[in-house]
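Presented below is the structure to which this report refers.
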Amino acid sequence: MAYIIFNLTLEESHSYTNFKAIVNGTNNVPCQRATAQRSLTQALDCTNKRKNHMRREAPIEIASYSTEWPALFAAEAAILKSALVTWLVGEPEHIGSTAVPGLAAKPVIDIMAPVATLQDSLGAIEVLQDYGYLYFPYKQNQMHWFCKPSPELRTHHLHLVPVDSQLWRERLAFRDVLRSDKALATRYEKLKHELAAKFRDDREAYTEGKSSFIVSALKAWSESHSSAV
């Protein structure tokens, strides 16, 4: 079974490099609002043009667990439930390390919101601009991905993911296994600290460095669930 959580393909890596170039550039072309009728490329172009004031991405920094993180998720989820009522087919989920009690993490709230399909939820890209979210084509065949308020100062990541997809199931599974296995969470935290020290300004390398750990955890989870059936 191929696990797709958090792995960058070559195409996505190139897109990520282009994203950094956009962030570091100076684009003074005014943005025209995207509409649901426009293509995803046009919507992305519109969003990118709003980034001309940014200069660099935030470095990788791991913070001690904060008891405020669940409340920050709940507050943002309430806003998103109202903003995305047209497209949501379920409750937003708190994912990533900030969703695991006691686990050190990058202090960015990761939210995964369920949609029926990516095509049907294209209109959300325009709406989310009004709530401070910037769209980026990371895993664009699997999700709509956003950061808020900017790559330079991140407080939230938002992932619009089809609710019946493998990615949806895997991200919840990885969160839940970290919540239930303290020893695993401790090893994961140690790895993150090591990678953050080594790749402070390289998010691609930091993410890739975690991939084998995540795949191993998901494989063990899958096998345990298969044997229980």
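In the structure tokens, the first chain shown is A, the next is B, and so on; residue numbers restart at 1 for each chain, and ligands run from 1 in the order shown.
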
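Proximity to stretch 162-179 of chain A at 7 Å, evaluated using only C-alpha atoms and with sequence-adjacent residues fewer than 4 positions away removed, yields A:Ile4, A:Ile5, A:Ile95, A:Gly96, A:Val100, A:Pro101, A:Pro114, A:Val115, A:Ala116, A:Thr117, A:Leu118, A:Leu184, A:Ala185, A:Leu218.
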
Could those selected residues go to a file with N, CA, C and O atoms, as a PDB file, in the first residue's frame?
ATOM      1  N   ILE A   4       0.363   8.288   1.214  1.00  0.00           N
ATOM      2  CA  ILE A   4       0.498   9.565   0.511  1.00  0.00           C
ATOM      3  C   ILE A   4       0.609  10.745   1.448  1.00  0.00           C
ATOM      4  O   ILE A   4       0.794  11.864   1.014  1.00  0.00           O
ATOM      5  N   ILE A   5       0.557  10.515   2.734  1.00  0.00           N
ATOM      6  CA  ILE A   5       0.552  11.627   3.666  1.00  0.00           C
ATOM      7  C   ILE A   5       1.885  12.357   3.687  1.00  0.00           C
ATOM      8  O   ILE A   5       2.943  11.752   3.859  1.00  0.00           O
ATOM      9  N   ILE A  95      -5.659  18.499  12.944  1.00  0.00           N
ATOM     10  CA  ILE A  95      -4.658  17.490  12.603  1.00  0.00           C
ATOM     11  C   ILE A  95      -3.264  18.044  12.876  1.00  0.00           C
ATOM     12  O   ILE A  95      -3.100  19.183  13.319  1.00  0.00           O
ATOM     13  N   GLY A  96      -2.247  17.240  12.578  1.00  0.00           N
ATOM     14  CA  GLY A  96      -0.887  17.680  12.796  1.00  0.00           C
ATOM     15  C   GLY A  96      -0.507  17.608  14.268  1.00  0.00           C
ATOM     16  O   GLY A  96      -1.295  17.219  15.134  1.00  0.00           O
ATOM     17  N   VAL A 100      -2.066  16.941  19.049  1.00  0.00           N
ATOM     18  CA  VAL A 100      -1.667  15.839  19.926  1.00  0.00           C
ATOM     19  C   VAL A 100      -1.263  16.401  21.283  1.00  0.00           C
ATOM     20  O   VAL A 100      -0.223  17.065  21.392  1.00  0.00           O
ATOM     21  N   PRO A 101      -2.039  16.200  22.322  1.00  0.00           N
ATOM     22  CA  PRO A 101      -1.714  16.751  23.639  1.00  0.00           C
ATOM     23  C   PRO A 101      -0.320  16.369  24.106  1.00  0.00           C
ATOM     24  O   PRO A 101       0.079  15.202  24.031  1.00  0.00           O
ATOM     25  N   PRO A 114     -13.535  18.615   5.456  1.00  0.00           N
ATOM     26  CA  PRO A 114     -14.012  17.642   4.470  1.00  0.00           C
ATOM     27  C   PRO A 114     -14.899  18.272   3.393  1.00  0.00           C
ATOM     28  O   PRO A 114     -15.835  19.014   3.689  1.00  0.00           O
ATOM     29  N   VAL A 115     -14.568  17.969   2.150  1.00  0.00           N
ATOM     30  CA  VAL A 115     -15.391  18.396   1.020  1.00  0.00           C
ATOM     31  C   VAL A 115     -15.757  17.162   0.203  1.00  0.00           C
ATOM     32  O   VAL A 115     -15.148  16.105   0.354  1.00  0.00           O
ATOM     33  N   ALA A 116     -16.757  17.317  -0.671  1.00  0.00           N
ATOM     34  CA  ALA A 116     -17.176  16.180  -1.499  1.00  0.00           C
ATOM     35  C   ALA A 116     -16.122  15.870  -2.555  1.00  0.00           C
ATOM     36  O   ALA A 116     -15.660  14.731  -2.679  1.00  0.00           O
ATOM     37  N   THR A 117     -15.726  16.873  -3.336  1.00  0.00           N
ATOM     38  CA  THR A 117     -14.697  16.713  -4.361  1.00  0.00           C
ATOM     39  C   THR A 117     -13.901  18.009  -4.462  1.00  0.00           C
ATOM     40  O   THR A 117     -14.369  19.084  -4.049  1.00  0.00           O
ATOM     41  N   LEU A 118     -12.723  17.917  -5.036  1.00  0.00           N
ATOM     42  CA  LEU A 118     -11.911  19.114  -5.237  1.00  0.00           C
ATOM     43  C   LEU A 118     -12.541  20.031  -6.273  1.00  0.00           C
ATOM     44  O   LEU A 118     -12.524  21.259  -6.125  1.00  0.00           O
ATOM     45  N   LEU A 184       5.570   6.462  20.883  1.00  0.00           N
ATOM     46  CA  LEU A 184       5.692   6.849  19.478  1.00  0.00           C
ATOM     47  C   LEU A 184       5.747   8.372  19.352  1.00  0.00           C
ATOM     48  O   LEU A 184       6.558   8.915  18.589  1.00  0.00           O
ATOM     49  N   ALA A 185       4.887   9.063  20.084  1.00  0.00           N
ATOM     50  CA  ALA A 185       4.868  10.521  20.040  1.00  0.00           C
ATOM     51  C   ALA A 185       6.196  11.103  20.529  1.00  0.00           C
ATOM     52  O   ALA A 185       6.694  12.094  19.975  1.00  0.00           O
ATOM     53  N   LEU A 218       2.020   4.528   9.953  1.00  0.00           N
ATOM     54  CA  LEU A 218       0.774   4.207   9.259  1.00  0.00           C
ATOM     55  C   LEU A 218       0.710   2.732   8.882  1.00  0.00           C
ATOM     56  O   LEU A 218      -0.361   2.115   8.933  1.00  0.00           O
TER      57      LEU A 218
END

Could you list, as a list in words, every residue within 8 Å of A:Thr155, counting only C-alpha atoms and ignoring same-chain residues fewer than 3 positions away?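 Once the adjacent positions are removed, what remains is Pro107, Val108, Ile109, Cys147, Lys148 and Pro149 of chain A.
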
Residue nearest A:Leu128 - candidates A:His159, A:Arg154, A:His193, A:Lys106, atoms counted: only C-alpha atoms: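 So, comparing all the options, the nearest one is A:His159.
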
Return as a VMD selection string the full set of residues in stretch 51-227 of chain A whose backbone-based DSSP assignment is helix (DSSP H, G or I). chain A and resid 69 to 83 97 to 99 123 to 129 166 to 180 182 to 198 203 to 227

Nearest residue to A:Ala124 out of A:Thr86, A:Ser180, A:Thr98, A:Ser224, using only C-alpha atoms? A:Thr86

Any idea what's packed within 9 Å of stretch 70-85 of chain A, counting only C-alpha atoms, ignoring anything in its chain fewer than 4 positions away? Could you give it as JSON, numbers by chain? {"A": [66, 89, 91, 92, 93, 94, 98, 99, 101, 109, 110, 111, 113, 124, 127, 128, 131, 156]}

Expected file contents, prior selection, N, CA, C and O atoms, as a PDB file, in the first residue's frame:
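Result file result_14.pdb:
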ATOM      1  N   SER A  66       1.329  23.762  23.734  1.00  0.00           N
ATOM      2  CA  SER A  66       0.548  24.813  24.372  1.00  0.00           C
ATOM      3  C   SER A  66      -0.892  24.345  24.568  1.00  0.00           C
ATOM      4  O   SER A  66      -1.522  23.842  23.631  1.00  0.00           O
ATOM      5  N   VAL A  89     -18.838  18.919   4.044  1.00  0.00           N
ATOM      6  CA  VAL A  89     -19.722  17.757   4.160  1.00  0.00           C
ATOM      7  C   VAL A  89     -19.531  17.076   5.514  1.00  0.00           C
ATOM      8  O   VAL A  89     -19.906  15.915   5.688  1.00  0.00           O
ATOM      9  N   GLU A  91     -17.520  17.851   9.787  1.00  0.00           N
ATOM     10  CA  GLU A  91     -16.853  18.747  10.722  1.00  0.00           C
ATOM     11  C   GLU A  91     -15.365  18.905  10.379  1.00  0.00           C
ATOM     12  O   GLU A  91     -14.699  17.925  10.040  1.00  0.00           O
ATOM     13  N   PRO A  92     -14.816  20.117  10.470  1.00  0.00           N
ATOM     14  CA  PRO A  92     -13.366  20.295  10.340  1.00  0.00           C
ATOM     15  C   PRO A  92     -12.632  19.513  11.430  1.00  0.00           C
ATOM     16  O   PRO A  92     -13.141  19.384  12.555  1.00  0.00           O
ATOM     17  N   GLU A  93     -11.463  18.997  11.110  1.00  0.00           N
ATOM     18  CA  GLU A  93     -10.666  18.217  12.053  1.00  0.00           C
ATOM     19  C   GLU A  93      -9.358  18.929  12.367  1.00  0.00           C
ATOM     20  O   GLU A  93      -8.728  19.521  11.487  1.00  0.00           O
ATOM     21  N   HIS A  94      -8.951  18.855  13.618  1.00  0.00           N
ATOM     22  CA  HIS A  94      -7.652  19.360  14.045  1.00  0.00           C
ATOM     23  C   HIS A  94      -6.630  18.260  13.793  1.00  0.00           C
ATOM     24  O   HIS A  94      -6.757  17.158  14.339  1.00  0.00           O
ATOM     25  N   THR A  98       0.002  19.874  16.557  1.00  0.00           N
ATOM     26  CA  THR A  98      -0.691  20.706  17.540  1.00  0.00           C
ATOM     27  C   THR A  98      -1.987  20.049  18.012  1.00  0.00           C
ATOM     28  O   THR A  98      -2.591  20.495  18.994  1.00  0.00           O
ATOM     29  N   ALA A  99      -2.409  18.987  17.330  1.00  0.00           N
ATOM     30  CA  ALA A  99      -3.619  18.260  17.717  1.00  0.00           C
ATOM     31  C   ALA A  99      -3.326  17.118  18.676  1.00  0.00           C
ATOM     32  O   ALA A  99      -4.246  16.398  19.080  1.00  0.00           O
ATOM     33  N   PRO A 101      -2.039  16.200  22.322  1.00  0.00           N
ATOM     34  CA  PRO A 101      -1.714  16.751  23.639  1.00  0.00           C
ATOM     35  C   PRO A 101      -0.320  16.369  24.106  1.00  0.00           C
ATOM     36  O   PRO A 101       0.079  15.202  24.031  1.00  0.00           O
ATOM     37  N   ILE A 109      -1.595  25.994  13.561  1.00  0.00           N
ATOM     38  CA  ILE A 109      -2.765  25.142  13.701  1.00  0.00           C
ATOM     39  C   ILE A 109      -3.141  24.556  12.346  1.00  0.00           C
ATOM     40  O   ILE A 109      -3.476  25.292  11.417  1.00  0.00           O
ATOM     41  N   ASP A 110      -3.051  23.228  12.231  1.00  0.00           N
ATOM     42  CA  ASP A 110      -3.431  22.544  10.997  1.00  0.00           C
ATOM     43  C   ASP A 110      -4.888  22.112  11.081  1.00  0.00           C
ATOM     44  O   ASP A 110      -5.278  21.409  12.023  1.00  0.00           O
ATOM     45  N   ILE A 111      -5.659  22.504  10.068  1.00  0.00           N
ATOM     46  CA  ILE A 111      -7.079  22.172  10.019  1.00  0.00           C
ATOM     47  C   ILE A 111      -7.373  21.436   8.720  1.00  0.00           C
ATOM     48  O   ILE A 111      -6.994  21.900   7.646  1.00  0.00           O
ATOM     49  N   ALA A 113     -10.497  20.101   6.492  1.00  0.00           N
ATOM     50  CA  ALA A 113     -11.945  20.250   6.347  1.00  0.00           C
ATOM     51  C   ALA A 113     -12.446  19.352   5.220  1.00  0.00           C
ATOM     52  O   ALA A 113     -11.860  19.331   4.133  1.00  0.00           O
ATOM     53  N   ALA A 124     -14.385  27.746  -3.038  1.00  0.00           N
ATOM     54  CA  ALA A 124     -13.919  28.088  -1.694  1.00  0.00           C
ATOM     55  C   ALA A 124     -12.630  28.901  -1.730  1.00  0.00           C
ATOM     56  O   ALA A 124     -12.329  29.641  -0.790  1.00  0.00           O
ATOM     57  N   VAL A 127     -13.535  32.563  -1.591  1.00  0.00           N
ATOM     58  CA  VAL A 127     -14.115  32.921  -0.299  1.00  0.00           C
ATOM     59  C   VAL A 127     -13.046  33.005   0.785  1.00  0.00           C
ATOM     60  O   VAL A 127     -13.042  33.923   1.617  1.00  0.00           O
ATOM     61  N   LEU A 128     -12.125  32.063   0.783  1.00  0.00           N
ATOM     62  CA  LEU A 128     -11.115  32.005   1.834  1.00  0.00           C
ATOM     63  C   LEU A 128     -10.137  33.181   1.786  1.00  0.00           C
ATOM     64  O   LEU A 128      -9.505  33.508   2.794  1.00  0.00           O
ATOM     65  N   TYR A 131     -10.839  35.659   4.346  1.00  0.00           N
ATOM     66  CA  TYR A 131     -10.553  35.271   5.726  1.00  0.00           C
ATOM     67  C   TYR A 131      -9.044  35.160   5.979  1.00  0.00           C
ATOM     68  O   TYR A 131      -8.624  34.569   6.974  1.00  0.00           O
ATOM     69  N   HIS A 156      -2.017  29.436  10.742  1.00  0.00           N
ATOM     70  CA  HIS A 156      -2.907  28.332  10.398  1.00  0.00           C
ATOM     71  C   HIS A 156      -2.548  27.764   9.027  1.00  0.00           C
ATOM     72  O   HIS A 156      -2.138  28.506   8.131  1.00  0.00           O
TER      73      HIS A 156
END

If you run DSSP on the backbone, which residues of stretch 105-217 of chain A are strand (DSSP E or B), as a ChimeraX atom specification? /A:105,109-115,134-136,144-149,154-162

Residues just named, written with N, CA, C and O atoms as a compact mmCIF listing (two decimals), in the first residue's frame:
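Result file is again05.txt:
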# COMPACT_ATOMS: atom_id res chain seq x y z
N ALA A 105 5.59 21.09 18.76
CA ALA A 105 5.19 21.25 17.36
C ALA A 105 5.55 22.62 16.83
O ALA A 105 5.83 23.54 17.60
N ILE A 109 -1.60 25.99 13.56
CA ILE A 109 -2.77 25.14 13.70
C ILE A 109 -3.14 24.56 12.35
O ILE A 109 -3.48 25.29 11.42
N ASP A 110 -3.05 23.23 12.23
CA ASP A 110 -3.43 22.54 11.00
C ASP A 110 -4.89 22.11 11.08
O ASP A 110 -5.28 21.41 12.02
N ILE A 111 -5.66 22.50 10.07
CA ILE A 111 -7.08 22.17 10.02
C ILE A 111 -7.37 21.44 8.72
O ILE A 111 -6.99 21.90 7.65
N MET A 112 -8.02 20.29 8.83
CA MET A 112 -8.45 19.55 7.64
C MET A 112 -9.97 19.58 7.59
O MET A 112 -10.64 19.17 8.54
N ALA A 113 -10.50 20.10 6.49
CA ALA A 113 -11.95 20.25 6.35
C ALA A 113 -12.45 19.35 5.22
O ALA A 113 -11.86 19.33 4.13
N PRO A 114 -13.54 18.61 5.46
CA PRO A 114 -14.01 17.64 4.47
C PRO A 114 -14.90 18.27 3.39
O PRO A 114 -15.83 19.01 3.69
N VAL A 115 -14.57 17.97 2.15
CA VAL A 115 -15.39 18.40 1.02
C VAL A 115 -15.76 17.16 0.20
O VAL A 115 -15.15 16.10 0.35
N LEU A 134 -4.18 32.15 2.04
CA LEU A 134 -3.50 32.18 0.75
C LEU A 134 -3.42 30.76 0.20
O LEU A 134 -2.99 29.84 0.89
N TYR A 135 -3.82 30.60 -1.04
CA TYR A 135 -3.83 29.29 -1.68
C TYR A 135 -2.47 28.96 -2.29
O TYR A 135 -1.78 29.83 -2.84
N PHE A 136 -2.08 27.68 -2.20
CA PHE A 136 -0.85 27.19 -2.83
C PHE A 136 -1.10 25.77 -3.35
O PHE A 136 -1.71 24.97 -2.66
N HIS A 144 -7.04 21.10 -1.57
CA HIS A 144 -6.79 22.53 -1.71
C HIS A 144 -6.08 22.96 -0.43
O HIS A 144 -6.63 22.79 0.67
N TRP A 145 -4.88 23.52 -0.56
CA TRP A 145 -4.05 23.84 0.61
C TRP A 145 -3.88 25.35 0.73
O TRP A 145 -3.64 26.04 -0.26
N PHE A 146 -3.97 25.84 1.97
CA PHE A 146 -3.87 27.28 2.24
C PHE A 146 -3.02 27.51 3.48
O PHE A 146 -2.95 26.66 4.38
N CYS A 147 -2.39 28.68 3.55
CA CYS A 147 -1.77 29.12 4.79
C CYS A 147 -2.31 30.49 5.16
O CYS A 147 -2.82 31.23 4.31
N LYS A 148 -2.21 30.83 6.43
CA LYS A 148 -2.75 32.08 6.95
C LYS A 148 -1.80 32.61 8.02
O LYS A 148 -1.35 31.85 8.87
N PRO A 149 -1.52 33.90 8.06
CA PRO A 149 -1.89 34.91 7.07
C PRO A 149 -0.88 35.00 5.92
O PRO A 149 -1.17 35.60 4.90
N ARG A 154 3.15 32.31 9.81
CA ARG A 154 2.07 31.32 9.69
C ARG A 154 1.40 31.12 11.05
O ARG A 154 2.08 30.87 12.04
N THR A 155 0.08 31.18 11.06
CA THR A 155 -0.68 30.82 12.26
C THR A 155 -1.56 29.60 12.00
O THR A 155 -1.83 28.84 12.91
N HIS A 156 -2.02 29.44 10.74
CA HIS A 156 -2.91 28.33 10.40
C HIS A 156 -2.55 27.76 9.03
O HIS A 156 -2.14 28.51 8.13
N HIS A 157 -2.72 26.47 8.90
CA HIS A 157 -2.75 25.79 7.61
C HIS A 157 -4.13 25.18 7.46
O HIS A 157 -4.67 24.61 8.41
N LEU A 158 -4.69 25.27 6.26
CA LEU A 158 -6.00 24.70 6.00
C LEU A 158 -5.90 23.74 4.82
O LEU A 158 -5.33 24.09 3.78
N HIS A 159 -6.47 22.56 4.99
CA HIS A 159 -6.45 21.53 3.96
C HIS A 159 -7.90 21.15 3.65
O HIS A 159 -8.59 20.59 4.51
N LEU A 160 -8.37 21.46 2.45
CA LEU A 160 -9.68 20.99 2.01
C LEU A 160 -9.47 19.66 1.31
O LEU A 160 -8.84 19.60 0.25
N VAL A 161 -10.00 18.59 1.89
CA VAL A 161 -9.69 17.23 1.44
C VAL A 161 -10.99 16.46 1.21
O VAL A 161 -11.90 16.51 2.05
N PRO A 162 -11.10 15.75 0.09
CA PRO A 162 -12.28 14.90 -0.11
C PRO A 162 -12.44 13.91 1.03
O PRO A 162 -11.49 13.22 1.41
